[in-house]
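Peer 1: One structure follows; several queries about it will come next.
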Amino acid sequence: MLKRISAKNLLWLFLSIFLIAADQVTKLIITSNMKIGDSITVIEDFLYIGYTRNTGAAWGIFGGHTEYLAIFSIIASIALIYLLLTFKRKFAAFSTALVIGGAIGNAIDRIRLGWVIDFVDTYIFGYDFPMFNVADSAITVGVILLVIYLLFIHREMQT
C-alpha cells in the first residue's frame, strides 16, 4: 500500500487538518463569547449565529448516544483516510478530505465535551433549519460531492 501513496494524496490530509482547526477555532470563539441560547442576527429572517449543544447527529437523531457517534466517527475517519491515501482522482480525494475533516472535528467535541457545539442557525423559505457548524458543513458538501463522483465521474472513468 505504501507504494501507492502519493505526495499529492498526503496534501489532501492537510485540507482535513485545516478543516479540523477551522471547526475547533470557530467553536472556541462561540463558547468564549456566547451563552447557550444566545443569538446574533446576521441577516434578518435568514442567518443567525447562536450557541447550542447537540448530543446527537444531524437533526439531533441518535440524541444522547454521543459515545457511539464518537466511535463511529473515528472508525469511519480511519477507513476514509486509508481510501484517501489510495485515490488517484483529485475530485474523490477532495471530497473525502472534507468528510474526514468534518468527522474528526465533531468527534473531538464528542470525546472532549460529550456533545457537539453548533452555532450556524438558518431559516430557509420559512423553515428553521437545525443549527450546524463548520464540521457539519464539510461533511455535507463532501458527501454530496462523493455521491456526484460515484454516480457520474467514477462510472464515466470505467467505460
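Residue numbering restarts at 1 for every chain of the C-alpha cells, chains are lettered A, B, ... in their displayed order, and ligands are numbered from 1 as they appear.
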So which bits of chain A end up helix (DSSP H, G or I) when you DSSP the backbone, as a PyMOL selection string?

Peer 2: chain A and resi 2-4+7-33+58-60+66-86+90-112+134-158

Peer 1: Produce a file of the selected residues containing C-alpha atoms, as an mmCIF file, in the first residue's frame.

Peer 2:
```cif
data_model
loop_
_atom_site.group_PDB
_atom_site.id
_atom_site.type_symbol
_atom_site.label_atom_id
_atom_site.label_comp_id
_atom_site.auth_asym_id
_atom_site.auth_seq_id
_atom_site.Cartn_x
_atom_site.Cartn_y
_atom_site.Cartn_z
ATOM 1 C CA LEU A 2 2.768 2.469 0.825
ATOM 2 C CA LYS A 3 3.979 2.437 -2.770
ATOM 3 C CA ARG A 4 0.565 3.720 -3.897
ATOM 4 C CA ALA A 7 2.673 13.150 -2.005
ATOM 5 C CA LYS A 8 -0.427 14.728 -3.554
ATOM 6 C CA ASN A 9 -2.666 12.461 -1.510
ATOM 7 C CA LEU A 10 -0.809 13.413 1.654
ATOM 8 C CA LEU A 11 -1.504 17.054 0.819
ATOM 9 C CA TRP A 12 -5.246 16.292 0.937
ATOM 10 C CA LEU A 13 -4.774 15.352 4.579
ATOM 11 C CA PHE A 14 -3.648 18.934 5.190
ATOM 12 C CA LEU A 15 -7.065 20.080 3.927
ATOM 13 C CA SER A 16 -8.656 17.814 6.539
ATOM 14 C CA ILE A 17 -6.352 19.209 9.230
ATOM 15 C CA PHE A 18 -7.188 22.772 8.166
ATOM 16 C CA LEU A 19 -10.919 21.999 8.423
ATOM 17 C CA ILE A 20 -10.472 20.447 11.863
ATOM 18 C CA ALA A 21 -8.609 23.573 13.011
ATOM 19 C CA ALA A 22 -11.203 25.937 11.482
ATOM 20 C CA ASP A 23 -14.008 23.961 13.125
ATOM 21 C CA GLN A 24 -12.373 23.969 16.550
ATOM 22 C CA VAL A 25 -11.383 27.653 16.383
ATOM 23 C CA THR A 26 -14.901 28.768 15.406
ATOM 24 C CA LYS A 27 -16.370 26.672 18.228
ATOM 25 C CA LEU A 28 -13.894 28.207 20.680
ATOM 26 C CA ILE A 29 -14.903 31.697 19.550
ATOM 27 C CA ILE A 30 -18.581 30.848 20.075
ATOM 28 C CA THR A 31 -18.112 29.277 23.514
ATOM 29 C CA SER A 32 -15.856 32.135 24.642
ATOM 30 C CA ASN A 33 -18.262 34.875 23.607
ATOM 31 C CA ALA A 58 -27.815 15.584 12.136
ATOM 32 C CA TRP A 59 -31.195 16.997 13.194
ATOM 33 C CA GLY A 60 -30.494 15.623 16.665
ATOM 34 C CA THR A 66 -22.597 10.634 21.821
ATOM 35 C CA GLU A 67 -20.170 7.845 22.703
ATOM 36 C CA TYR A 68 -21.417 5.635 19.849
ATOM 37 C CA LEU A 69 -21.299 8.530 17.409
ATOM 38 C CA ALA A 70 -17.720 9.307 18.501
ATOM 39 C CA ILE A 71 -16.652 5.679 17.984
ATOM 40 C CA PHE A 72 -18.357 5.562 14.582
ATOM 41 C CA SER A 73 -16.697 8.856 13.558
ATOM 42 C CA ILE A 74 -13.250 7.578 14.485
ATOM 43 C CA ILE A 75 -13.674 4.241 12.688
ATOM 44 C CA ALA A 76 -15.137 5.931 9.610
ATOM 45 C CA SER A 77 -12.323 8.500 9.591
ATOM 46 C CA ILE A 78 -9.651 5.801 9.712
ATOM 47 C CA ALA A 79 -11.294 3.976 6.802
ATOM 48 C CA LEU A 80 -11.649 7.215 4.836
ATOM 49 C CA ILE A 81 -8.016 8.181 5.465
ATOM 50 C CA TYR A 82 -6.970 4.812 4.032
ATOM 51 C CA LEU A 83 -9.123 5.435 0.953
ATOM 52 C CA LEU A 84 -7.887 8.997 0.624
ATOM 53 C CA LEU A 85 -4.282 7.852 0.529
ATOM 54 C CA THR A 86 -5.040 5.490 -2.364
ATOM 55 C CA LYS A 90 -8.485 14.710 -7.216
ATOM 56 C CA PHE A 91 -12.282 15.023 -7.060
ATOM 57 C CA ALA A 92 -12.623 11.897 -4.921
ATOM 58 C CA ALA A 93 -9.667 12.882 -2.714
ATOM 59 C CA PHE A 94 -11.018 16.413 -2.185
ATOM 60 C CA SER A 95 -14.492 15.126 -1.301
ATOM 61 C CA THR A 96 -13.110 12.550 1.101
ATOM 62 C CA ALA A 97 -10.806 15.093 2.765
ATOM 63 C CA LEU A 98 -13.854 17.256 3.510
ATOM 64 C CA VAL A 99 -15.691 14.358 5.152
ATOM 65 C CA ILE A 100 -12.620 13.358 7.190
ATOM 66 C CA GLY A 101 -12.090 16.905 8.472
ATOM 67 C CA GLY A 102 -15.732 17.246 9.460
ATOM 68 C CA ALA A 103 -15.987 13.838 11.087
ATOM 69 C CA ILE A 104 -12.869 14.371 13.177
ATOM 70 C CA GLY A 105 -13.897 17.927 14.099
ATOM 71 C CA ASN A 106 -17.188 16.703 15.552
ATOM 72 C CA ALA A 107 -15.558 13.616 17.108
ATOM 73 C CA ILE A 108 -13.225 15.910 19.063
ATOM 74 C CA ASP A 109 -16.266 17.645 20.582
ATOM 75 C CA ARG A 110 -17.991 14.368 21.366
ATOM 76 C CA ILE A 111 -14.923 12.929 23.097
ATOM 77 C CA ARG A 112 -13.899 16.138 24.885
ATOM 78 C CA VAL A 134 -18.100 24.081 10.164
ATOM 79 C CA ALA A 135 -17.621 20.311 10.546
ATOM 80 C CA ASP A 136 -21.239 19.613 9.580
ATOM 81 C CA SER A 137 -20.849 21.814 6.502
ATOM 82 C CA ALA A 138 -17.681 19.989 5.442
ATOM 83 C CA ILE A 139 -19.347 16.583 5.875
ATOM 84 C CA THR A 140 -22.434 17.662 3.919
ATOM 85 C CA VAL A 141 -20.503 19.138 0.998
ATOM 86 C CA GLY A 142 -18.065 16.211 0.986
ATOM 87 C CA VAL A 143 -20.828 13.595 0.924
ATOM 88 C CA ILE A 144 -22.708 15.421 -1.860
ATOM 89 C CA LEU A 145 -19.500 15.588 -3.920
ATOM 90 C CA LEU A 146 -18.769 11.900 -3.243
ATOM 91 C CA VAL A 147 -22.254 10.961 -4.461
ATOM 92 C CA ILE A 148 -21.674 13.013 -7.620
ATOM 93 C CA TYR A 149 -18.312 11.291 -8.059
ATOM 94 C CA LEU A 150 -19.763 7.799 -7.591
ATOM 95 C CA LEU A 151 -22.797 8.399 -9.811
ATOM 96 C CA PHE A 152 -21.195 10.284 -12.668
ATOM 97 C CA ILE A 153 -17.417 10.614 -12.663
ATOM 98 C CA HIS A 154 -16.313 7.203 -11.401
ATOM 99 C CA ARG A 155 -18.743 5.441 -13.723
ATOM 100 C CA GLU A 156 -17.544 7.524 -16.676
ATOM 101 C CA MET A 157 -13.942 6.558 -15.914
ATOM 102 C CA GLN A 158 -14.750 2.831 -16.195
#
```

Peer 1: Skip Phe119 of chain A itself and residues of its chain fewer than 5 positions away, then list as a list in words all residues within 8 Å of it, counting only C-alpha atoms.

Peer 2: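 Within the cut-off, the hits are Lys27, Ile30, Ile49, Gly50, Tyr51, Thr52, Met131, Phe132 and Asn133 of chain A.
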
Peer 1: In Å, with one decimal, what is the gap from atom CA of Ile124 of chain A to atom CA of Thr55 of chain A?

Peer 2: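 Computing it gives 23.6 Å between the two atoms.
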
Peer 1: One number please: atom CA of Tyr127 of chain A to atom CA of Leu113 of chain A, in Å, one decimal.

Peer 2: 29.0 Å

Peer 1: What does the distance between atom CA of Thr41 of chain A and atom CA of Trp115 of chain A come to in Å, to one decimal place?

Peer 2: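 It comes out at 24.3 Å.
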